[in-house]
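Q: Structure in structure tokens, see below.
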Amino acid sequence: MGFRPRRLLSRPEVVAALSFSGVLTLGVALVPAAPALAAPTRPWAAPPVNECGETGFDPLARQPQPGSVTPQPDIKIPVPVPQLVPVQIPGPKPDATRIDPVALPSDPCANPCPEVRSDAPANPATDPGSGSGASLPRVEIQPDPEPIPIPVPGGEGPEPQEPPAAARQPDAPAPAAAPVAAPQLDSVRLVNQVTGHGSPNRTDMRWSVDGTDLGLMWETRPGQVAVVFGDTFGRGWKPIGAGTDQQDWRSNVIGYSSNPDLSAGLILDDFVQDSSCHATEILDSRKIKNFEHTTIPTSGFAVGDRQYLTYMSINRWSKIPGMWWTNHGGIAWSDDNGRTWTKSQWARWDNLFGAGRFQVATMVPHGDYVYMFGTPNGRFGTIGLGRVPATQVLNKSAYQYWIDGTWVAADGANEFRATPLVSGTASELSIRYDRESDRWQMVYLDSATQSIVLRTAAEPQGAWSPPTTLLTTEDYPTAYGGFLHPWSTAKDLYFTMSAWNSYNVYLMHATLK
């Protein structure tokens with residue numbers, strides 16, 4: 001599989017990527033000035049250790065350990081190697097193998113599956129045997145397979161789904177509300193490491209989740225929150241970044257949490273599993289570069305007893321950090337609380353000529369509607385808005401798009417005409433409605449300023465407040481994501497943050513004034 005460029009970009013990379021994507025049309029002046037990152041001033045500290053004595057990861061920027069020699073990363077020069085790859089059309093049916101989870105041992109430090117994994121090894125990031133220890137980098141010519149998919153006859157494929165009846169919605173006025181004041185940040189802190197070696201959840205030992213990212217959340221039912229992760233790796237994975245297809249690669253996994261005291265951390269109770277101590281992939285992918293490399297969830301929500309996931313089908317990751325190409329964005333549903341999922345054959349937004357506006361979607365139910373906020377593939381697009389009656393989520397003809405102050409029916413190319421909600425580019429949206437304050441909260445990754453920011457509004461169509469910075473890469477190098485916990489409040493925002501270097505997920509707490 002290889003590494004995926006999901007880290008935040010440096011300013012020169014931002015300019016290059018914007019230029020490449022066509023977003024930058026008036027010159028570099030459109031990109032906000034970002035100061036060069038200074039050397040870390042926070043002193044070195046030993047990595048955190050969980051109650052079992054296992055060493056975790058520290059995503060904060062720190063000075064190097066005194067007296068240590070920092071190994072330089074090896075220089076790998078990729079050489080493209082064309083490779084013909086047969087692709088079955090249709091592909092194999094998803095593996096629906098599931099097991100009922102066994103209760104974890106009463107001793108939190110006990111090995112739950114000694115037959116699967118031995119006792120926890122040293123932290124792969126600090127294990128002295130995990131690197132060369134040399135102070136000079138090695139230069140390595142690395143073959144980089146470039147698959148050329150060749151369609152061949154496949155199996156039975158999924159059962160065809162009956163197309164939904166046309167349900168065109170009439171146009172309706174929807175002017176933007178008066179702007180609200182920008183939220184003011186009082187403080188932000190790291191609460192706990194959620195996944196990986198040394199985390200309180202011990203996800204490596206309990207569910208074979210050694211390295212993963214994202215951690216998007218929604219309430220499945222009162223008292224329970226689903227937590228969905230992106231590309232996940234197990235035995236054999238080591239930082240930096242994502243792993244390979246030789247390291248127990250799953251495109252996505254789902255866990256559950258019920259602890260109400262988020263100030264003590266995000267505690268995971270269980271994962272959907274296909275075998276003992278092994279979180280299973282819930283949305284299948286073909287895992288073929290230039291065809292369908294992976295399937296990444298982008299948001300989740302519940303309407304009644306049915307759970308929904310939005311996802312993006314990744315054709316390939318770009319070598320330009322922050323860029324990727326999708327086949328389509330889509331919706332899947334589950335009627336067994338997330339144990340198994342079905343991708344809709346009709347609720348999908350194809351990425352025509354790379355111009356799809358709703359490839360990376362975040363959907364939020366509110367009142368009689370579910371609102372869909374979307375961006376194009378990559379991290380350099382604008383935010384569009386749609387909505388659909390809550391009873392018609394899987395019926396694409398029932399959607400409306402917000403265009404110049406009006407909800408417009410899903411006719412023709414209207415989905416491509418959605419009016420941008422805010423100025424500038426955004427990616428990896430997370431949005432919730434806060435009943436306490438009667439405000440919408442939007443958190444997203446702003447690659448141009450190398451930060452995760454917050455905006456608020458009285459209505460989903462805005463006007464949205466100016467952005468408030470929650471954190472930057474000056475404090476948290478290689479940070480991305482920023483997915484709100486549904487039990488956040490108007491003043492206490494809890495959100496997950498991913499760090500590319502350690503390729504794991506952390507819970508953050510932002511206190512607003």
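Residue numbering restarts at 1 in every chain; chains get A, B, ... in the order shown in the structure tokens, and ligands count up from 1 in that same order.
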Name the residues of stretch 90-177 of chain A that fall into strand (DSSP E) according to DSSP on the backbone, using the chain letters and numbers of this document, as a list in words.
A: Val139, Glu140, Ile141, Gln142, Pro143, Asp144, Pro145, Glu146, Pro147, Ile148, Pro149, Ile150, Pro151, Val152, Pro153, Ala172 and Pro173 of chain A
Q: Sort by chain and increasing residue number a table of all residues of stretch 396-450 of chain A within 12 Å of stretch 496-504 of chain A, each with its closest pair of atoms and their distance in Å to one decimal, counting only C-alpha atoms, and write it as a tab-separated table.
A:
```
residue	atom	partner	partner_atom	distance
A:Glu428	CA	A:Met497	CA	11.0
A:Ser430	CA	A:Thr496	CA	10.2
A:Val443	CA	A:Thr496	CA	10.8
A:Tyr444	CA	A:Met497	CA	10.8
A:Leu445	CA	A:Met497	CA	10.3
```
Q: Measuring atom to atom with only C-alpha atoms, identify which of A:Ala46, A:Leu394, A:Ile383, A:Ala174 is nearest to A:Glu162.
A: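 Of A:Ala46, A:Leu394, A:Ile383, A:Ala174, the one nearest A:Glu162, counting only C-alpha atoms, is A:Leu394.
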Q: Excluding same-chain residues fewer than 6 positions from stretch 454-459 of chain A, what lies within 6 Å of it counting only C-alpha atoms, as a list in words?
A: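 Counting only C-alpha atoms, the residues come to Arg439, Trp440, Gln441, Met442, Val443, Ser465, Pro467 and Thr468 of chain A.
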Q: Produce a file of the selected residues containing all heavy atoms, as a compact mmCIF listing (two decimals), in the first residue's frame.
A:
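Result file out_0.txt:
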```txt
# COMPACT_ATOMS: atom_id res chain seq x y z
N ARG A 439 -26.71 26.76 18.30
CA ARG A 439 -25.68 27.11 17.33
C ARG A 439 -25.15 25.86 16.64
O ARG A 439 -25.12 24.77 17.22
CB ARG A 439 -24.51 27.82 18.01
CG ARG A 439 -24.83 29.22 18.51
CD ARG A 439 -24.95 30.22 17.37
NE ARG A 439 -25.16 31.58 17.85
CZ ARG A 439 -26.36 32.14 18.03
NH1 ARG A 439 -27.45 31.42 17.78
NH2 ARG A 439 -26.47 33.39 18.43
N TRP A 440 -24.73 26.03 15.40
CA TRP A 440 -24.01 24.99 14.69
C TRP A 440 -22.53 25.19 14.91
O TRP A 440 -22.03 26.32 14.92
CB TRP A 440 -24.33 25.06 13.19
CG TRP A 440 -25.74 24.63 12.88
CD1 TRP A 440 -26.89 25.35 13.09
CD2 TRP A 440 -26.14 23.39 12.32
NE1 TRP A 440 -27.98 24.63 12.69
CE2 TRP A 440 -27.56 23.41 12.20
CE3 TRP A 440 -25.47 22.25 11.89
CZ2 TRP A 440 -28.28 22.35 11.68
CZ3 TRP A 440 -26.18 21.19 11.36
CH2 TRP A 440 -27.58 21.24 11.26
N GLN A 441 -21.81 24.09 15.10
CA GLN A 441 -20.37 24.12 15.29
C GLN A 441 -19.70 23.34 14.16
O GLN A 441 -20.10 22.21 13.86
CB GLN A 441 -19.99 23.51 16.64
CG GLN A 441 -20.57 24.23 17.84
CD GLN A 441 -20.38 23.46 19.14
OE1 GLN A 441 -20.33 22.23 19.14
NE2 GLN A 441 -20.28 24.17 20.24
N MET A 442 -18.72 23.93 13.54
CA MET A 442 -17.99 23.31 12.43
C MET A 442 -16.50 23.32 12.74
O MET A 442 -15.92 24.38 12.98
CB MET A 442 -18.25 24.06 11.12
CG MET A 442 -17.42 23.54 9.94
SD MET A 442 -17.41 24.70 8.54
CE MET A 442 -19.12 24.63 8.01
N VAL A 443 -15.90 22.15 12.75
CA VAL A 443 -14.45 22.02 12.91
C VAL A 443 -13.89 21.41 11.63
O VAL A 443 -14.47 20.48 11.08
CB VAL A 443 -14.12 21.13 14.13
CG1 VAL A 443 -12.62 20.82 14.17
CG2 VAL A 443 -14.54 21.83 15.42
N SER A 465 -19.24 32.18 11.34
CA SER A 465 -18.31 33.12 11.99
C SER A 465 -16.92 33.00 11.39
O SER A 465 -16.59 32.00 10.73
CB SER A 465 -18.25 32.82 13.49
OG SER A 465 -17.55 31.60 13.71
N PRO A 467 -13.01 32.03 11.49
CA PRO A 467 -12.44 30.84 12.14
C PRO A 467 -11.69 31.17 13.42
O PRO A 467 -11.04 32.21 13.53
CB PRO A 467 -11.50 30.28 11.08
CG PRO A 467 -11.11 31.47 10.25
CD PRO A 467 -12.31 32.36 10.23
N THR A 468 -11.81 30.28 14.38
CA THR A 468 -11.03 30.34 15.61
C THR A 468 -10.08 29.16 15.62
O THR A 468 -10.52 28.01 15.46
CB THR A 468 -11.94 30.28 16.85
OG1 THR A 468 -12.78 31.45 16.87
CG2 THR A 468 -11.13 30.21 18.13
```
Q: Between A:Val272, A:Ala413, A:Met508, A:Ile254, which is the closest to A:Pro59 once you count only C-alpha atoms?
A: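 Looking only at the distances to A:Pro59, the closest residue turns out to be A:Met508.
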Q: List as a list in words the protein and nucleic acid residues near A:Arg339, meaning an atom at most 8 Å away when only C-alpha atoms are counted, but skip any in the same chain fewer than 5 places from it.
A: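 So, after excluding close chain neighbours, the residues are Arg98, Val272, Ile282 and Ser334 of chain A.
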Q: If you run DSSP over the backbone, which residues in stretch 37-223 of chain A end up alpha helix (DSSP H)? Put them as a list in words.
A: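 In stretch 37-223 of chain A, DSSP puts these residues in alpha helix (DSSP H): Thr203, Asp204, Met205, Arg206 and Trp207 of chain A.
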Q: Which one is closest to A:Asp274: A:Glu146, A:Asp95, A:Asp171, A:Asp492? Count only C-alpha atoms.
A: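 Smallest separation from A:Asp274 among the options: A:Asp95.
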Q: Please identify all polymer residues within 12 Å of A:Trp407, counting only C-alpha atoms, omitting same-chain residues fewer than 3 positions from it, and present them as a PyMOL selection string.
A: chain A and resi 168-176+371+385-388+398-404+410-411+414-415+417-419+460-461
Q: For stretch 89-180 of chain A against stretch 71-82 of chain A, with a cut-off of 6 Å and counting only C-alpha atoms, what is the closest atom pair and its distance in Å to one decimal for every residue that makes the cut, ordered by chain and number, as CSV?
A:
```
residue,atom,partner,partner_atom,distance
A:Gly133,CA,A:Pro71,CA,5.7
A:Ala134,CA,A:Pro71,CA,5.5
A:Ser135,CA,A:Pro71,CA,4.5
A:Leu136,CA,A:Gln72,CA,5.7
A:Pro137,CA,A:Asp74,CA,4.6
A:Arg138,CA,A:Asp74,CA,4.8
A:Val139,CA,A:Ile75,CA,4.7
A:Glu140,CA,A:Lys76,CA,4.8
A:Ile141,CA,A:Ile77,CA,4.9
A:Gln142,CA,A:Pro78,CA,4.8
A:Pro143,CA,A:Val79,CA,4.9
A:Asp144,CA,A:Pro80,CA,4.6
A:Pro145,CA,A:Val81,CA,4.7
A:Glu146,CA,A:Pro82,CA,4.8
A:Pro147,CA,A:Pro82,CA,6.0
```
Q: Can you pull out the residues contacting A:Asp284? Cut-off 9 Å, using only C-alpha atoms, and skip same-chain residues under 5 positions away; I want them as a PyMOL selection string.
A: chain A and resi 93-95+250-252+294-295
Q: Output all heavy atoms for every residue in that selection, as a PDB file, in the first residue's frame.
A:
```
ATOM      1  N   LYS A  93     -17.959 -10.614  -3.050  1.00  0.00           N
ATOM      2  CA  LYS A  93     -18.863 -10.079  -2.044  1.00  0.00           C
ATOM      3  C   LYS A  93     -18.092  -9.783  -0.758  1.00  0.00           C
ATOM      4  O   LYS A  93     -17.113 -10.454  -0.432  1.00  0.00           O
ATOM      5  CB  LYS A  93     -19.991 -11.071  -1.758  1.00  0.00           C
ATOM      6  CG  LYS A  93     -20.967 -11.235  -2.921  1.00  0.00           C
ATOM      7  CD  LYS A  93     -22.128 -12.147  -2.532  1.00  0.00           C
ATOM      8  CE  LYS A  93     -23.137 -12.254  -3.654  1.00  0.00           C
ATOM      9  NZ  LYS A  93     -24.284 -13.127  -3.289  1.00  0.00           N
ATOM     10  N   PRO A  94     -18.513  -8.765  -0.015  1.00  0.00           N
ATOM     11  CA  PRO A  94     -17.838  -8.451   1.247  1.00  0.00           C
ATOM     12  C   PRO A  94     -17.900  -9.618   2.223  1.00  0.00           C
ATOM     13  O   PRO A  94     -18.880 -10.378   2.242  1.00  0.00           O
ATOM     14  CB  PRO A  94     -18.631  -7.249   1.784  1.00  0.00           C
ATOM     15  CG  PRO A  94     -19.318  -6.676   0.594  1.00  0.00           C
ATOM     16  CD  PRO A  94     -19.597  -7.824  -0.324  1.00  0.00           C
ATOM     17  N   ASP A  95     -16.869  -9.777   3.014  1.00  0.00           N
ATOM     18  CA  ASP A  95     -16.821 -10.818   4.030  1.00  0.00           C
ATOM     19  C   ASP A  95     -17.679 -10.377   5.217  1.00  0.00           C
ATOM     20  O   ASP A  95     -17.371  -9.382   5.877  1.00  0.00           O
ATOM     21  CB  ASP A  95     -15.377 -11.049   4.474  1.00  0.00           C
ATOM     22  CG  ASP A  95     -15.238 -12.206   5.454  1.00  0.00           C
ATOM     23  OD1 ASP A  95     -16.271 -12.769   5.878  1.00  0.00           O
ATOM     24  OD2 ASP A  95     -14.097 -12.547   5.809  1.00  0.00           O
ATOM     25  N   ARG A 250      -6.708  -3.009   7.126  1.00  0.00           N
ATOM     26  CA  ARG A 250      -8.156  -2.889   6.963  1.00  0.00           C
ATOM     27  C   ARG A 250      -8.471  -1.438   6.624  1.00  0.00           C
ATOM     28  O   ARG A 250      -7.915  -0.533   7.235  1.00  0.00           O
ATOM     29  CB  ARG A 250      -8.873  -3.301   8.259  1.00  0.00           C
ATOM     30  CG  ARG A 250      -8.792  -4.799   8.560  1.00  0.00           C
ATOM     31  CD  ARG A 250      -8.632  -5.077  10.038  1.00  0.00           C
ATOM     32  NE  ARG A 250      -7.287  -4.774  10.494  1.00  0.00           N
ATOM     33  CZ  ARG A 250      -6.927  -4.716  11.786  1.00  0.00           C
ATOM     34  NH1 ARG A 250      -7.836  -4.921  12.739  1.00  0.00           N
ATOM     35  NH2 ARG A 250      -5.675  -4.436  12.117  1.00  0.00           N
ATOM     36  N   SER A 251      -9.346  -1.222   5.685  1.00  0.00           N
ATOM     37  CA  SER A 251      -9.629   0.144   5.250  1.00  0.00           C
ATOM     38  C   SER A 251     -10.337   0.963   6.317  1.00  0.00           C
ATOM     39  O   SER A 251     -10.261   2.199   6.301  1.00  0.00           O
ATOM     40  CB  SER A 251     -10.484   0.133   3.979  1.00  0.00           C
ATOM     41  OG  SER A 251      -9.722  -0.295   2.867  1.00  0.00           O
ATOM     42  N   ASN A 252     -11.024   0.301   7.232  1.00  0.00           N
ATOM     43  CA  ASN A 252     -11.784   1.005   8.255  1.00  0.00           C
ATOM     44  C   ASN A 252     -12.225   0.005   9.314  1.00  0.00           C
ATOM     45  O   ASN A 252     -12.368  -1.191   9.032  1.00  0.00           O
ATOM     46  CB  ASN A 252     -13.009   1.700   7.653  1.00  0.00           C
ATOM     47  CG  ASN A 252     -13.695   0.824   6.618  1.00  0.00           C
ATOM     48  OD1 ASN A 252     -14.377  -0.136   6.947  1.00  0.00           O
ATOM     49  ND2 ASN A 252     -13.491   1.138   5.340  1.00  0.00           N
ATOM     50  N   THR A 294      -8.757   2.284  -1.463  1.00  0.00           N
ATOM     51  CA  THR A 294      -9.307   2.080  -0.133  1.00  0.00           C
ATOM     52  C   THR A 294     -10.652   2.778  -0.047  1.00  0.00           C
ATOM     53  O   THR A 294     -11.041   3.537  -0.945  1.00  0.00           O
ATOM     54  CB  THR A 294      -8.338   2.593   0.952  1.00  0.00           C
ATOM     55  OG1 THR A 294      -8.801   2.218   2.249  1.00  0.00           O
ATOM     56  CG2 THR A 294      -8.192   4.110   0.894  1.00  0.00           C
ATOM     57  N   THR A 295     -11.375   2.537   1.028  1.00  0.00           N
ATOM     58  CA  THR A 295     -12.672   3.163   1.281  1.00  0.00           C
ATOM     59  C   THR A 295     -12.620   3.806   2.656  1.00  0.00           C
ATOM     60  O   THR A 295     -12.466   3.098   3.657  1.00  0.00           O
ATOM     61  CB  THR A 295     -13.807   2.129   1.212  1.00  0.00           C
ATOM     62  OG1 THR A 295     -13.844   1.545  -0.096  1.00  0.00           O
ATOM     63  CG2 THR A 295     -15.145   2.781   1.511  1.00  0.00           C
TER      64      THR A 295
END
```
Q: Could you tell me how far atom CA of A:His328 sits from atom CA of A:Gly354, in Å to one decimal place?
A: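 Those two atoms sit 9.5 Å apart.
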Q: Neighbouring residues of A:Phe483 were defined as those with any atom within 7 Å, considering only C-alpha atoms; residues of the same chain fewer than 2 positions away were excluded. Please report them as a ChimeraX atom specification.
A: /A:215-216,430,481,485,495-496
Q: How would the residues just chosen look if you wrote them out with N, CA, C and O atoms as a short mmCIF file (atom, residue, chain, number, x, y, z; two decimals), in the first residue's frame?
A:
```
data_model
loop_
_atom_site.label_atom_id
_atom_site.label_comp_id
_atom_site.auth_asym_id
_atom_site.auth_seq_id
_atom_site.Cartn_x
_atom_site.Cartn_y
_atom_site.Cartn_z
N GLY A 215 -11.14 8.60 13.63
CA GLY A 215 -11.90 8.55 14.86
C GLY A 215 -13.12 9.46 14.82
O GLY A 215 -13.37 10.24 15.73
N LEU A 216 -13.92 9.36 13.75
CA LEU A 216 -15.15 10.16 13.67
C LEU A 216 -16.25 9.48 14.49
O LEU A 216 -16.30 8.25 14.62
N SER A 430 -16.14 18.30 10.40
CA SER A 430 -16.91 17.69 11.48
C SER A 430 -17.89 18.75 11.97
O SER A 430 -17.46 19.85 12.34
N GLY A 481 -7.28 15.87 10.84
CA GLY A 481 -8.56 15.43 11.39
C GLY A 481 -9.19 16.56 12.18
O GLY A 481 -9.14 17.73 11.80
N HIS A 485 -16.80 15.12 19.24
CA HIS A 485 -17.55 14.13 20.01
C HIS A 485 -18.98 14.64 20.15
O HIS A 485 -19.20 15.81 20.46
N PHE A 495 -12.74 16.60 20.78
CA PHE A 495 -12.58 16.17 19.41
C PHE A 495 -11.35 15.28 19.27
O PHE A 495 -10.40 15.38 20.07
N THR A 496 -11.39 14.39 18.30
CA THR A 496 -10.25 13.53 18.04
C THR A 496 -9.31 14.21 17.05
O THR A 496 -9.74 14.90 16.13
#
```
Q: Between A:Leu493, A:Leu512, A:Ala409, A:Val102, which one has atoms that come closest to A:Ala167, using only C-alpha atoms?
A: A:Ala409
